[in-house]
Structure formats: structure tokens, C-alpha cells
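Data file: query.pdb. Format and content: PDB, C-alpha atoms and all ligand atoms.
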ATOM      1  CA  MET A   1    -197.733 240.041 -60.676  1.00  0.00           C
ATOM      2  CA  LEU A   2    -200.312 237.524 -59.500  1.00  0.00           C
ATOM      3  CA  ASN A   3    -200.152 236.567 -55.872  1.00  0.00           C
ATOM      4  CA  ILE A   4    -199.429 232.982 -56.824  1.00  0.00           C
ATOM      5  CA  SER A   5    -196.294 234.058 -58.749  1.00  0.00           C
ATOM      6  CA  LYS A   6    -195.214 236.353 -55.920  1.00  0.00           C
ATOM      7  CA  LEU A   7    -195.666 233.430 -53.560  1.00  0.00           C
ATOM      8  CA  LYS A   8    -193.372 231.288 -55.679  1.00  0.00           C
ATOM      9  CA  VAL A   9    -190.708 233.994 -55.816  1.00  0.00           C
ATOM     10  CA  ALA A  10    -190.861 234.474 -52.033  1.00  0.00           C
ATOM     11  CA  ASN A  11    -190.691 230.742 -51.340  1.00  0.00           C
ATOM     12  CA  ASP A  12    -187.904 230.147 -53.864  1.00  0.00           C
ATOM     13  CA  GLU A  13    -185.597 232.531 -52.064  1.00  0.00           C
ATOM     14  CA  GLN A  14    -182.750 230.546 -50.489  1.00  0.00           C
ATOM     15  CA  GLY A  15    -181.572 230.839 -46.915  1.00  0.00           C
ATOM     16  CA  GLU A  16    -178.309 229.678 -45.436  1.00  0.00           C
ATOM     17  CA  ASN A  17    -177.674 225.935 -45.436  1.00  0.00           C
ATOM     18  CA  LEU A  18    -176.505 225.287 -41.884  1.00  0.00           C
ATOM     19  CA  GLY A  19    -175.358 221.725 -42.463  1.00  0.00           C
ATOM     20  CA  PHE A  20    -178.831 220.357 -43.181  1.00  0.00           C
ATOM     21  CA  ASP A  21    -181.213 221.030 -46.021  1.00  0.00           C
ATOM     22  CA  CYS A  22    -184.879 221.893 -45.545  1.00  0.00           C
ATOM     23  CA  PRO A  23    -186.922 221.700 -48.781  1.00  0.00           C
ATOM     24  CA  ILE A  24    -189.995 223.182 -47.065  1.00  0.00           C
ATOM     25  CA  CYS A  25    -188.517 226.643 -46.424  1.00  0.00           C
ATOM     26  CA  ASN A  26    -185.376 226.459 -48.616  1.00  0.00           C
ATOM     27  CA  ASN A  27    -183.338 226.996 -45.460  1.00  0.00           C
ATOM     28  CA  LYS A  28    -184.895 230.336 -44.535  1.00  0.00           C
ATOM     29  CA  GLY A  29    -186.689 229.132 -41.400  1.00  0.00           C
ATOM     30  CA  TYR A  30    -189.981 230.461 -42.722  1.00  0.00           C
ATOM     31  CA  TYR A  31    -192.238 229.980 -45.765  1.00  0.00           C
ATOM     32  CA  TYR A  32    -195.332 231.584 -47.274  1.00  0.00           C
ATOM     33  CA  GLU A  33    -198.802 230.334 -48.099  1.00  0.00           C
ATOM     34  CA  LEU A  34    -201.878 231.991 -49.512  1.00  0.00           C
ATOM     35  CA  VAL A  35    -204.491 232.545 -46.821  1.00  0.00           C
ATOM     36  CA  ASP A  36    -207.732 234.108 -48.098  1.00  0.00           C
ATOM     37  CA  GLY A  37    -205.791 235.287 -51.134  1.00  0.00           C
ATOM     38  CA  LYS A  38    -203.118 237.005 -49.029  1.00  0.00           C
ATOM     39  CA  ILE A  39    -199.487 235.959 -48.827  1.00  0.00           C
ATOM     40  CA  THR A  40    -198.950 234.896 -45.229  1.00  0.00           C
ATOM     41  CA  LYS A  41    -195.687 234.047 -43.511  1.00  0.00           C
ATOM     42  CA  PHE A  42    -195.299 230.870 -41.435  1.00  0.00           C
ATOM     43  CA  THR A  43    -192.483 229.642 -39.218  1.00  0.00           C
ATOM     44  CA  CYS A  44    -190.982 226.403 -40.503  1.00  0.00           C
ATOM     45  CA  LYS A  45    -190.678 223.362 -38.244  1.00  0.00           C
ATOM     46  CA  CYS A  46    -186.897 223.394 -38.853  1.00  0.00           C
ATOM     47  CA  LYS A  47    -186.584 226.823 -37.177  1.00  0.00           C
ATOM     48  CA  PRO A  48    -185.629 225.602 -33.659  1.00  0.00           C
ATOM     49  CA  ARG A  49    -182.891 223.360 -35.101  1.00  0.00           C
ATOM     50  CA  ARG A  50    -181.745 226.159 -37.404  1.00  0.00           C
ATOM     51  CA  ASP A  51    -181.567 228.586 -34.452  1.00  0.00           C
ATOM     52  CA  SER A  52    -179.673 226.068 -32.361  1.00  0.00           C
ATOM     53  CA  VAL A  53    -176.984 225.558 -35.046  1.00  0.00           C
ATOM     54  CA  LYS A  54    -176.723 229.327 -35.514  1.00  0.00           C
ATOM     55  CA  HIS A  55    -176.409 229.873 -31.785  1.00  0.00           C
ATOM     56  CA  MET A  56    -173.626 227.276 -31.632  1.00  0.00           C
ATOM     57  CA  ARG A  57    -171.722 229.075 -34.384  1.00  0.00           C
ATOM     58  CA  GLU A  58    -172.260 232.456 -32.771  1.00  0.00           C
ATOM     59  CA  SER A  59    -171.512 231.278 -29.220  1.00  0.00           C
ATOM     60  CA  GLY A  60    -167.753 231.637 -29.597  1.00  0.00           C
ATOM     61  CA  LEU A  61    -167.178 228.111 -28.283  1.00  0.00           C
ATOM     62  CA  GLY A  62    -166.221 226.705 -31.708  1.00  0.00           C
ATOM     63  CA  ASP A  63    -164.802 223.168 -31.704  1.00  0.00           C
ATOM     64  CA  MET A  64    -164.697 223.147 -27.891  1.00  0.00           C
ATOM     65  CA  LEU A  65    -168.322 222.018 -28.112  1.00  0.00           C
ATOM     66  CA  GLU A  66    -167.256 218.769 -29.787  1.00  0.00           C
ATOM     67  CA  ARG A  67    -164.242 218.166 -27.570  1.00  0.00           C
ATOM     68  CA  PHE A  68    -165.826 218.935 -24.231  1.00  0.00           C
ATOM     69  CA  THR A  69    -169.006 216.953 -23.659  1.00  0.00           C
ATOM     70  CA  PHE A  70    -170.486 215.038 -20.751  1.00  0.00           C
ATOM     71  CA  LYS A  71    -170.138 211.848 -22.797  1.00  0.00           C
ATOM     72  CA  ASN A  72    -166.351 211.876 -22.757  1.00  0.00           C
ATOM     73  CA  PHE A  73    -166.171 212.416 -19.035  1.00  0.00           C
ATOM     74  CA  ILE A  74    -166.168 209.557 -16.535  1.00  0.00           C
ATOM     75  CA  ALA A  75    -167.605 210.317 -13.115  1.00  0.00           C
ATOM     76  CA  ASN A  76    -165.980 207.793 -10.752  1.00  0.00           C
ATOM     77  CA  ASP A  77    -165.357 209.976  -7.741  1.00  0.00           C
ATOM     78  CA  ASP A  78    -168.113 211.182  -5.456  1.00  0.00           C
ATOM     79  CA  TRP A  79    -167.412 214.843  -6.116  1.00  0.00           C
ATOM     80  CA  GLN A  80    -167.586 214.259  -9.874  1.00  0.00           C
ATOM     81  CA  LYS A  81    -170.943 212.525  -9.461  1.00  0.00           C
ATOM     82  CA  GLU A  82    -172.096 215.413  -7.295  1.00  0.00           C
ATOM     83  CA  ALA A  83    -170.953 217.887  -9.970  1.00  0.00           C
ATOM     84  CA  LEU A  84    -172.936 216.028 -12.636  1.00  0.00           C
ATOM     85  CA  GLU A  85    -175.987 215.851 -10.401  1.00  0.00           C
ATOM     86  CA  LYS A  86    -175.867 219.604  -9.728  1.00  0.00           C
ATOM     87  CA  ALA A  87    -175.375 220.330 -13.424  1.00  0.00           C
ATOM     88  CA  ARG A  88    -178.358 218.134 -14.281  1.00  0.00           C
ATOM     89  CA  LYS A  89    -180.580 219.867 -11.742  1.00  0.00           C
ATOM     90  CA  PHE A  90    -179.439 223.279 -12.952  1.00  0.00           C
ATOM     91  CA  PHE A  91    -180.118 222.319 -16.561  1.00  0.00           C
ATOM     92  CA  LYS A  92    -183.665 221.287 -15.702  1.00  0.00           C
ATOM     93  CA  GLN A  93    -184.392 224.411 -13.673  1.00  0.00           C
ATOM     94  CA  PRO A  94    -181.904 227.230 -14.229  1.00  0.00           C
ATOM     95  CA  ASP A  95    -184.282 230.038 -13.237  1.00  0.00           C
ATOM     96  CA  GLY A  96    -182.938 232.221 -10.474  1.00  0.00           C
ATOM     97  CA  LYS A  97    -179.745 230.167 -10.149  1.00  0.00           C
ATOM     98  CA  TRP A  98    -176.227 230.381 -11.530  1.00  0.00           C
ATOM     99  CA  PHE A  99    -174.020 227.371 -12.090  1.00  0.00           C
ATOM    100  CA  VAL A 100    -170.616 228.174 -10.601  1.00  0.00           C
ATOM    101  CA  MET A 101    -167.535 225.965 -10.737  1.00  0.00           C
ATOM    102  CA  CYS A 102    -164.492 226.919  -8.664  1.00  0.00           C
ATOM    103  CA  GLY A 103    -161.261 225.091  -9.374  1.00  0.00           C
ATOM    104  CA  ASN A 104    -157.532 225.282  -9.970  1.00  0.00           C
ATOM    105  CA  PRO A 105    -156.073 225.495 -13.474  1.00  0.00           C
ATOM    106  CA  GLY A 106    -156.250 222.055 -15.094  1.00  0.00           C
ATOM    107  CA  SER A 107    -159.069 220.911 -12.829  1.00  0.00           C
ATOM    108  CA  GLY A 108    -161.389 220.405 -15.785  1.00  0.00           C
ATOM    109  CA  LYS A 109    -163.798 223.215 -15.048  1.00  0.00           C
ATOM    110  CA  THR A 110    -163.667 224.502 -18.625  1.00  0.00           C
ATOM    111  CA  HIS A 111    -164.479 221.006 -19.899  1.00  0.00           C
ATOM    112  CA  PHE A 112    -167.366 220.638 -17.498  1.00  0.00           C
ATOM    113  CA  CYS A 113    -168.858 224.103 -18.016  1.00  0.00           C
ATOM    114  CA  THR A 114    -168.479 223.847 -21.807  1.00  0.00           C
ATOM    115  CA  ALA A 115    -170.359 220.535 -21.743  1.00  0.00           C
ATOM    116  CA  LEU A 116    -173.144 222.211 -19.778  1.00  0.00           C
ATOM    117  CA  ALA A 117    -173.159 225.217 -22.134  1.00  0.00           C
ATOM    118  CA  GLY A 118    -173.416 222.766 -25.048  1.00  0.00           C
ATOM    119  CA  GLU A 119    -176.532 221.208 -23.528  1.00  0.00           C
ATOM    120  CA  PHE A 120    -178.204 224.620 -23.363  1.00  0.00           C
ATOM    121  CA  LEU A 121    -177.236 225.302 -26.990  1.00  0.00           C
ATOM    122  CA  LYS A 122    -178.704 221.947 -28.049  1.00  0.00           C
ATOM    123  CA  ALA A 123    -181.870 222.934 -26.205  1.00  0.00           C
ATOM    124  CA  GLY A 124    -182.066 226.002 -28.459  1.00  0.00           C
ATOM    125  CA  LYS A 125    -180.817 228.668 -26.043  1.00  0.00           C
ATOM    126  CA  ALA A 126    -178.836 231.583 -27.480  1.00  0.00           C
ATOM    127  CA  LEU A 127    -175.683 231.139 -25.410  1.00  0.00           C
ATOM    128  CA  ARG A 128    -172.650 233.387 -25.519  1.00  0.00           C
ATOM    129  CA  TYR A 129    -169.166 232.429 -24.379  1.00  0.00           C
ATOM    130  CA  MET A 130    -167.047 235.065 -22.647  1.00  0.00           C
ATOM    131  CA  ARG A 131    -163.393 234.536 -21.778  1.00  0.00           C
ATOM    132  CA  TRP A 132    -162.694 236.909 -18.928  1.00  0.00           C
ATOM    133  CA  VAL A 133    -159.100 237.530 -19.942  1.00  0.00           C
ATOM    134  CA  ASP A 134    -159.638 238.193 -23.683  1.00  0.00           C
ATOM    135  CA  ASP A 135    -163.218 239.407 -24.010  1.00  0.00           C
ATOM    136  CA  GLY A 136    -163.130 241.186 -20.660  1.00  0.00           C
ATOM    137  CA  GLY A 137    -159.871 242.854 -21.650  1.00  0.00           C
ATOM    138  CA  ARG A 138    -161.440 244.202 -24.827  1.00  0.00           C
ATOM    139  CA  ILE A 139    -164.433 245.568 -22.939  1.00  0.00           C
ATOM    140  CA  LYS A 140    -162.271 247.187 -20.239  1.00  0.00           C
ATOM    141  CA  ALA A 141    -160.166 248.839 -22.946  1.00  0.00           C
ATOM    142  CA  ALA A 142    -163.318 250.460 -24.350  1.00  0.00           C
ATOM    143  CA  ILE A 143    -164.419 251.944 -21.021  1.00  0.00           C
ATOM    144  CA  ASN A 144    -163.952 255.565 -22.156  1.00  0.00           C
ATOM    145  CA  ASP A 145    -165.824 255.041 -25.414  1.00  0.00           C
ATOM    146  CA  THR A 146    -169.433 254.529 -24.319  1.00  0.00           C
ATOM    147  CA  PRO A 147    -170.882 253.350 -27.678  1.00  0.00           C
ATOM    148  CA  ALA A 148    -168.019 250.863 -28.156  1.00  0.00           C
ATOM    149  CA  TYR A 149    -168.312 249.702 -24.537  1.00  0.00           C
ATOM    150  CA  ASN A 150    -172.058 249.168 -24.906  1.00  0.00           C
ATOM    151  CA  ASN A 151    -171.653 247.350 -28.212  1.00  0.00           C
ATOM    152  CA  LEU A 152    -169.384 244.867 -26.506  1.00  0.00           C
ATOM    153  CA  ILE A 153    -171.110 244.444 -23.172  1.00  0.00           C
ATOM    154  CA  ILE A 154    -174.826 244.580 -24.001  1.00  0.00           C
ATOM    155  CA  PRO A 155    -174.869 241.309 -26.004  1.00  0.00           C
ATOM    156  CA  LEU A 156    -173.232 239.579 -23.008  1.00  0.00           C
ATOM    157  CA  LYS A 157    -175.417 241.266 -20.404  1.00  0.00           C
ATOM    158  CA  GLU A 158    -178.605 240.388 -22.249  1.00  0.00           C
ATOM    159  CA  ALA A 159    -177.607 236.967 -23.607  1.00  0.00           C
ATOM    160  CA  GLU A 160    -180.304 234.367 -22.990  1.00  0.00           C
ATOM    161  CA  ALA A 161    -177.484 232.187 -21.640  1.00  0.00           C
ATOM    162  CA  LEU A 162    -173.943 233.278 -20.788  1.00  0.00           C
ATOM    163  CA  TYR A 163    -170.895 231.227 -19.893  1.00  0.00           C
ATOM    164  CA  ILE A 164    -168.086 233.264 -18.311  1.00  0.00           C
ATOM    165  CA  ASP A 165    -164.811 231.331 -18.345  1.00  0.00           C
ATOM    166  CA  ASP A 166    -162.055 232.101 -15.824  1.00  0.00           C
ATOM    167  CA  PHE A 167    -164.058 234.844 -14.147  1.00  0.00           C
ATOM    168  CA  LEU A 168    -161.805 237.607 -12.705  1.00  0.00           C
ATOM    169  CA  LYS A 169    -158.630 235.825 -13.820  1.00  0.00           C
ATOM    170  CA  SER A 170    -155.800 238.371 -13.598  1.00  0.00           C
ATOM    171  CA  PRO A 171    -152.007 238.452 -13.360  1.00  0.00           C
ATOM    172  CA  ARG A 172    -150.824 237.307  -9.925  1.00  0.00           C
ATOM    173  CA  ASP A 173    -148.801 239.381  -7.500  1.00  0.00           C
ATOM    174  CA  SER A 174    -145.294 237.894  -7.347  1.00  0.00           C
ATOM    175  CA  LYS A 175    -145.143 238.194  -3.529  1.00  0.00           C
ATOM    176  CA  THR A 176    -148.635 237.246  -2.328  1.00  0.00           C
ATOM    177  CA  GLY A 177    -149.560 234.976  -5.240  1.00  0.00           C
ATOM    178  CA  LYS A 178    -152.978 236.626  -5.269  1.00  0.00           C
ATOM    179  CA  TYR A 179    -154.728 238.069  -8.300  1.00  0.00           C
ATOM    180  CA  ARG A 180    -154.111 241.755  -8.983  1.00  0.00           C
ATOM    181  CA  ILE A 181    -157.690 242.582  -9.869  1.00  0.00           C
ATOM    182  CA  THR A 182    -158.160 246.128 -11.119  1.00  0.00           C
ATOM    183  CA  ASP A 183    -161.003 248.602 -10.635  1.00  0.00           C
ATOM    184  CA  GLY A 184    -161.834 247.972 -14.293  1.00  0.00           C
ATOM    185  CA  ASP A 185    -162.368 244.277 -13.502  1.00  0.00           C
ATOM    186  CA  PHE A 186    -164.632 245.071 -10.562  1.00  0.00           C
ATOM    187  CA  LYS A 187    -166.647 247.560 -12.593  1.00  0.00           C
ATOM    188  CA  LEU A 188    -167.096 245.129 -15.452  1.00  0.00           C
ATOM    189  CA  ALA A 189    -167.953 242.244 -13.112  1.00  0.00           C
ATOM    190  CA  PHE A 190    -170.578 244.324 -11.319  1.00  0.00           C
ATOM    191  CA  ASP A 191    -172.028 245.792 -14.512  1.00  0.00           C
ATOM    192  CA  LEU A 192    -172.449 242.349 -16.051  1.00  0.00           C
ATOM    193  CA  LEU A 193    -173.543 240.327 -13.031  1.00  0.00           C
ATOM    194  CA  ASP A 194    -175.807 242.919 -11.432  1.00  0.00           C
ATOM    195  CA  TYR A 195    -177.807 243.062 -14.665  1.00  0.00           C
ATOM    196  CA  ARG A 196    -178.098 239.285 -14.779  1.00  0.00           C
ATOM    197  CA  TYR A 197    -178.898 239.154 -11.060  1.00  0.00           C
ATOM    198  CA  ASN A 198    -181.863 241.447 -11.714  1.00  0.00           C
ATOM    199  CA  HIS A 199    -183.021 239.259 -14.623  1.00  0.00           C
ATOM    200  CA  PRO A 200    -183.269 235.819 -13.005  1.00  0.00           C
ATOM    201  CA  GLU A 201    -184.630 234.281 -16.210  1.00  0.00           C
ATOM    202  CA  LEU A 202    -181.195 234.641 -17.817  1.00  0.00           C
ATOM    203  CA  ILE A 203    -179.026 231.517 -17.623  1.00  0.00           C
ATOM    204  CA  THR A 204    -175.528 232.058 -16.229  1.00  0.00           C
ATOM    205  CA  ILE A 205    -172.581 229.651 -15.974  1.00  0.00           C
ATOM    206  CA  ILE A 206    -169.342 230.800 -14.345  1.00  0.00           C
ATOM    207  CA  SER A 207    -165.983 229.075 -14.010  1.00  0.00           C
ATOM    208  CA  THR A 208    -163.344 230.611 -11.782  1.00  0.00           C
ATOM    209  CA  GLU A 209    -160.112 229.795  -9.991  1.00  0.00           C
ATOM    210  CA  LEU A 210    -161.406 231.707  -6.969  1.00  0.00           C
ATOM    211  CA  SER A 211    -163.495 230.159  -4.208  1.00  0.00           C
ATOM    212  CA  ILE A 212    -166.790 231.731  -3.122  1.00  0.00           C
ATOM    213  CA  VAL A 213    -165.083 232.889   0.093  1.00  0.00           C
ATOM    214  CA  GLU A 214    -162.333 234.570  -1.923  1.00  0.00           C
ATOM    215  CA  LEU A 215    -164.931 236.182  -4.187  1.00  0.00           C
ATOM    216  CA  LEU A 216    -166.751 237.545  -1.131  1.00  0.00           C
ATOM    217  CA  ASP A 217    -163.458 238.821   0.298  1.00  0.00           C
ATOM    218  CA  ILE A 218    -162.412 240.499  -2.930  1.00  0.00           C
ATOM    219  CA  ASP A 219    -165.672 242.284  -3.668  1.00  0.00           C
ATOM    220  CA  GLU A 220    -168.731 241.875  -1.527  1.00  0.00           C
ATOM    221  CA  ALA A 221    -171.207 243.317  -4.025  1.00  0.00           C
ATOM    222  CA  VAL A 222    -170.163 240.849  -6.729  1.00  0.00           C
ATOM    223  CA  GLY A 223    -169.347 237.977  -4.351  1.00  0.00           C
ATOM    224  CA  SER A 224    -172.671 238.159  -2.539  1.00  0.00           C
ATOM    225  CA  ARG A 225    -174.630 238.073  -5.800  1.00  0.00           C
ATOM    226  CA  ILE A 226    -172.709 235.000  -6.917  1.00  0.00           C
ATOM    227  CA  TYR A 227    -173.211 233.381  -3.514  1.00  0.00           C
ATOM    228  CA  GLN A 228    -176.960 234.122  -3.514  1.00  0.00           C
ATOM    229  CA  ARG A 229    -177.463 232.627  -6.949  1.00  0.00           C
ATOM    230  CA  SER A 230    -175.258 229.556  -6.544  1.00  0.00           C
ATOM    231  CA  LYS A 231    -175.936 228.340  -3.007  1.00  0.00           C
ATOM    232  CA  ASP A 232    -177.197 224.978  -4.297  1.00  0.00           C
ATOM    233  CA  THR A 233    -175.451 224.958  -7.634  1.00  0.00           C
ATOM    234  CA  CYS A 234    -171.828 225.747  -6.821  1.00  0.00           C
ATOM    235  CA  VAL A 235    -169.237 223.037  -7.373  1.00  0.00           C
ATOM    236  CA  SER A 236    -165.872 223.547  -5.724  1.00  0.00           C
ATOM    237  CA  ILE A 237    -163.060 221.390  -7.047  1.00  0.00           C
ATOM    238  CA  VAL A 238    -160.273 223.237  -5.288  1.00  0.00           C
ATOM    239  CA  GLY A 239    -157.873 220.713  -3.796  1.00  0.00           C
ATOM    240  CA  LYS A 240    -159.740 217.719  -5.227  1.00  0.00           C
ATOM    241  CA  ASP A 241    -158.141 215.012  -7.350  1.00  0.00           C
ATOM    242  CA  LYS A 242    -157.482 217.007 -10.471  1.00  0.00           C
ATOM    243  CA  ASN A 243    -157.353 214.048 -12.795  1.00  0.00           C
ATOM    244  CA  TRP A 244    -160.429 214.649 -14.885  1.00  0.00           C
ATOM    245  CA  ARG A 245    -160.175 211.356 -16.822  1.00  0.00           C
ATOM    246  CA  LEU A 246    -161.220 211.877 -20.377  1.00  0.00           C
ATOM    247  CA  ARG A 247    -162.444 209.080 -22.550  1.00  0.00           C
ATOM    248  CA  GLU A 248    -159.962 209.821 -25.255  1.00  0.00           C
ATOM    249  CA  ASN A 249    -161.275 207.392 -27.849  1.00  0.00           C
ATOM    250  CA  GLN A 250    -164.929 208.096 -27.550  1.00  0.00           C
ATOM    251  CA  ASN A 251    -166.090 210.757 -29.918  1.00  0.00           C
ATOM    252  CA  ASP A 252    -169.823 210.375 -29.965  1.00  0.00           C
TER
HETATM  253 ZN    ZN A 301    -187.490 224.606 -42.930  1.00  0.00          ZN
END
Write out the structure in this file as C-alpha cells.
Amino acid sequence: MLNISKLKVANDEQGENLGFDCPICNNKGYYYELVDGKITKFTCKCKPRRDSVKHMRESGLGDMLERFTFKNFIANDDWQKEALEKARKFFKQPDGKWFVMCGNPGSGKTHFCTALAGEFLKAGKALRYMRWVDDGGRIKAAINDTPAYNNLIIPLKEAEALYIDDFLKSPRDSKTGKYRITDGDFKLAFDLLDYRYNHPELITIISTELSIVELLDIDEAVGSRIYQRSKDTCVSIVGKDKNWRLRENQND
């Protein structure tokens, strides 16, 4: 077959339509041209957008990304403004820092952290969403099966950006009201966060019901890493006005 025909066959191949159509690469993200008679592959200009949409689908955040944005959040109170300011600074320069939000259930931390995660996805980062209770539970259950454990944890450890929701959330002790965190939780927390601590280029967002002091009390190795990385980027909404005020009718 002549190179020119091969070129046509290669370029005619269709990729996945991710909600927008690109006639240049037929939705593959790359296309071919003849350079000095040789078929040469080029990256299409739609590739960053294509990656971003793919990352959103693969993030695990689903429709939360549309529901929880910064646009449908009104910052009237000082602490809300401070939270937005810290999130903005973190977004601009996330290297070597973790964005940590401590707050009671219903305080809006999932909304806020999801909105921040969404901004990183829009910026083309491959972000993964990890629910401590569900995803963590699955990983802990695989602890005695090394290949299965690694299959589950490595994508989270190495994710370009990771959002851990409800970090260390566990059943509470009926008498003390405190979390009954197991050795499995500590092991998983250390495994995941120590790796990310040693790779400061990885972007990490954490929401938790625990305060930094409680985290330090519970496990110093994990708590101190979180403290080190979030000294300037930790938002504590424990005991604050919990009314998060959503703009219900604004969808853009
Ligand atoms: Zn394209």
C-alpha cells in the first residue's frame, strides 16, 4: 500500500467522541502527516481538552462536579472568604502543599473540596477521588492479597492529583464518641500519605472531620505529615456557622 493510502487509513480511524467532535484527529487526540515520505504522528490541539474530559469521567466524582462548584457558593462570612482565598492560593501553587479542610458533617467541606478538585480537572490534571469509607474499605480488605492491594492503592498513591474525602472516618465508640480507627486505617493512611509526602509535586486535597490536633494525637507519623504540608493551606470549619448557603437556582 502506498504511504498516502496508509496515511488515510490511519487518519480515518475514529476515536471516542467525548462530547465534542474534532474533525482534525477524528477524536483520537493525534493525527498523522507525511514528513519526508514517512508517516509521522502528531498530537492534536484538542488533546488537553480530551484528557481533561477523560480525567473528569475517570475521577470518580461523577455529577458531584456539576453540583459542587465555587460558583454556587456565596462567601459572606470572613472564614468563608478566607477558605476561598486559601483555595485560590493553593490552586495557583500546589507544589509541596496539601489543601486540608477540617469540619463537622454537613459543614460543606465536600462541596468546597469537590469544587477545588473540579478546578484541577478543568486545568487538565488527572485527579482521582477517594472516599475513605468505601474505597479505603476495599483497599483494607485486600491487605493480604498483595497484587490486589497494589492494584487498588498504586493509582491513588501515584495520582497526579488526589482528593481524599472524609479521611480516617470510622465508626464512633458509643461511650467516648471518638472514632475507632483500626491498624488497617493507620497502615493505609501512612502508605498513601507518606508516598505523596515524598513526592511534593503531587497535588493532594483532604477533607476530614478531625482537627489537625486530633490527627496529631491519633497518629503522629500521619498527623505530622499533614501538618507540615498544610500549615498555610488548612481550613478549619469546626464550630463555625455551618450554613453553607448554596445558590440553589444558579447552575452555570
Ligand atoms: Zn483533535
Where's the centre, and what are the edge lengths in Å to one decimal, of a box along x, y and z enclosing all listed atoms of stretch 127-146 of chain A padded 6 Å per side, as JSON?
{"center_x": -167.4, "center_y": 243.4, "center_z": -22.2, "size_x": 28.6, "size_y": 36.4, "size_z": 18.6}
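As for atom CA of A:Lys86 and atom CA of A:Asn104, they are spaced 19.2 Å apart.
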Neighbouring residues of stretch 112-124 of chain A were defined as those with any atom within 8 Å, considering all atoms listed in the file; residues of the same chain fewer than 4 positions away were excluded. Please report them as a PyMOL selection string.
chain A and resi 48-49+51-52+55-56+61+64-65+68-70+87+91+101+108+161+163+205-207
Using all atoms listed in the file: which of A:Ile74, A:Leu18, A:Ile218, A:Ile203 has the shortest distance to A:Thr182:
A:Ile218
Give one line per residue of chain A that approaches ligand ZN 301 (chain A) to at most 6 Å, naming the two atoms of the closest pair and their distance in Å to one decimal, counting only C-alpha atoms and all ligand atoms; sort by chain then ascending residue number and deliver it as CSV.
residue,atom,partner,partner_atom,distance
A:Cys22,CA,A:ZN301,ZN,4.6
A:Ile24,CA,A:ZN301,ZN,5.0
A:Cys25,CA,A:ZN301,ZN,4.2
A:Asn27,CA,A:ZN301,ZN,5.4
A:Gly29,CA,A:ZN301,ZN,4.8
A:Cys44,CA,A:ZN301,ZN,4.6
A:Lys45,CA,A:ZN301,ZN,5.8
A:Cys46,CA,A:ZN301,ZN,4.3
Produce a file of the selected residues containing C-alpha atoms, as a PDB file, in the coordinates of the input.
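Just written: selection.pdb:
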ATOM      1  CA  CYS A  22    -184.879 221.893 -45.545  1.00  0.00           C
ATOM      2  CA  ILE A  24    -189.995 223.182 -47.065  1.00  0.00           C
ATOM      3  CA  CYS A  25    -188.517 226.643 -46.424  1.00  0.00           C
ATOM      4  CA  ASN A  27    -183.338 226.996 -45.460  1.00  0.00           C
ATOM      5  CA  GLY A  29    -186.689 229.132 -41.400  1.00  0.00           C
ATOM      6  CA  CYS A  44    -190.982 226.403 -40.503  1.00  0.00           C
ATOM      7  CA  LYS A  45    -190.678 223.362 -38.244  1.00  0.00           C
ATOM      8  CA  CYS A  46    -186.897 223.394 -38.853  1.00  0.00           C
TER       9      CYS A  46
END
For atom CA of A:Leu168 and atom CA of A:Ser230, quote the distance in Å rounded to one decimal.
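A separation of 16.8 Å between them.
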Do you have the atom CA of A:Leu162-atom CA of A:Thr204 distance handy?
5.0 Å
Contacts of A:Asn26 at 9 Å or less, counting all atoms listed in the file, minus same-chain residues fewer than 3 places along, as an NGL selection string?
:A and (11-17 or 21-23 or 29-31)
Test item: write stretch 54-68 of chain A with N, CA and C atoms as a PDB file, in the first residue's frame:
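Heads up, here's the output in result-v1.pdb:
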ATOM      1  N   LYS A  54     -11.730  13.185  29.897  1.00  0.00           N
ATOM      2  CA  LYS A  54     -11.477  11.793  30.308  1.00  0.00           C
ATOM      3  C   LYS A  54     -11.170  11.704  31.797  1.00  0.00           C
ATOM      4  N   HIS A  55     -10.321  12.631  32.242  1.00  0.00           N
ATOM      5  CA  HIS A  55      -9.967  12.645  33.669  1.00  0.00           C
ATOM      6  C   HIS A  55     -11.195  12.873  34.533  1.00  0.00           C
ATOM      7  N   MET A  56     -12.104  13.748  34.073  1.00  0.00           N
ATOM      8  CA  MET A  56     -13.327  14.003  34.842  1.00  0.00           C
ATOM      9  C   MET A  56     -14.147  12.727  34.959  1.00  0.00           C
ATOM     10  N   ARG A  57     -14.272  12.005  33.844  1.00  0.00           N
ATOM     11  CA  ARG A  57     -15.044  10.761  33.852  1.00  0.00           C
ATOM     12  C   ARG A  57     -14.399   9.717  34.748  1.00  0.00           C
ATOM     13  N   GLU A  58     -13.059   9.683  34.713  1.00  0.00           N
ATOM     14  CA  GLU A  58     -12.348   8.650  35.465  1.00  0.00           C
ATOM     15  C   GLU A  58     -12.122   9.026  36.930  1.00  0.00           C
ATOM     16  N   SER A  59     -12.399  10.295  37.270  1.00  0.00           N
ATOM     17  CA  SER A  59     -12.079  10.773  38.624  1.00  0.00           C
ATOM     18  C   SER A  59     -12.893  10.076  39.703  1.00  0.00           C
ATOM     19  N   GLY A  60     -14.111   9.641  39.352  1.00  0.00           N
ATOM     20  CA  GLY A  60     -14.986   9.056  40.357  1.00  0.00           C
ATOM     21  C   GLY A  60     -15.900  10.090  40.996  1.00  0.00           C
ATOM     22  N   LEU A  61     -15.777  11.350  40.575  1.00  0.00           N
ATOM     23  CA  LEU A  61     -16.610  12.400  41.177  1.00  0.00           C
ATOM     24  C   LEU A  61     -17.986  12.505  40.522  1.00  0.00           C
ATOM     25  N   GLY A  62     -18.116  12.009  39.293  1.00  0.00           N
ATOM     26  CA  GLY A  62     -19.404  11.976  38.601  1.00  0.00           C
ATOM     27  C   GLY A  62     -20.114  13.320  38.587  1.00  0.00           C
ATOM     28  N   ASP A  63     -21.436  13.299  38.879  1.00  0.00           N
ATOM     29  CA  ASP A  63     -22.214  14.544  38.776  1.00  0.00           C
ATOM     30  C   ASP A  63     -21.955  15.506  39.940  1.00  0.00           C
ATOM     31  N   MET A  64     -21.152  15.061  40.916  1.00  0.00           N
ATOM     32  CA  MET A  64     -20.781  15.987  42.002  1.00  0.00           C
ATOM     33  C   MET A  64     -20.059  17.213  41.437  1.00  0.00           C
ATOM     34  N   LEU A  65     -19.352  17.001  40.317  1.00  0.00           N
ATOM     35  CA  LEU A  65     -18.589  18.092  39.716  1.00  0.00           C
ATOM     36  C   LEU A  65     -19.502  19.216  39.233  1.00  0.00           C
ATOM     37  N   GLU A  66     -20.724  18.852  38.809  1.00  0.00           N
ATOM     38  CA  GLU A  66     -21.658  19.888  38.352  1.00  0.00           C
ATOM     39  C   GLU A  66     -22.386  20.524  39.528  1.00  0.00           C
ATOM     40  N   ARG A  67     -22.655  19.723  40.538  1.00  0.00           N
ATOM     41  CA  ARG A  67     -23.410  20.244  41.694  1.00  0.00           C
ATOM     42  C   ARG A  67     -22.558  21.114  42.596  1.00  0.00           C
ATOM     43  N   PHE A  68     -21.319  20.692  42.798  1.00  0.00           N
ATOM     44  CA  PHE A  68     -20.470  21.392  43.762  1.00  0.00           C
ATOM     45  C   PHE A  68     -19.398  22.220  43.050  1.00  0.00           C
TER      46      PHE A  68
END
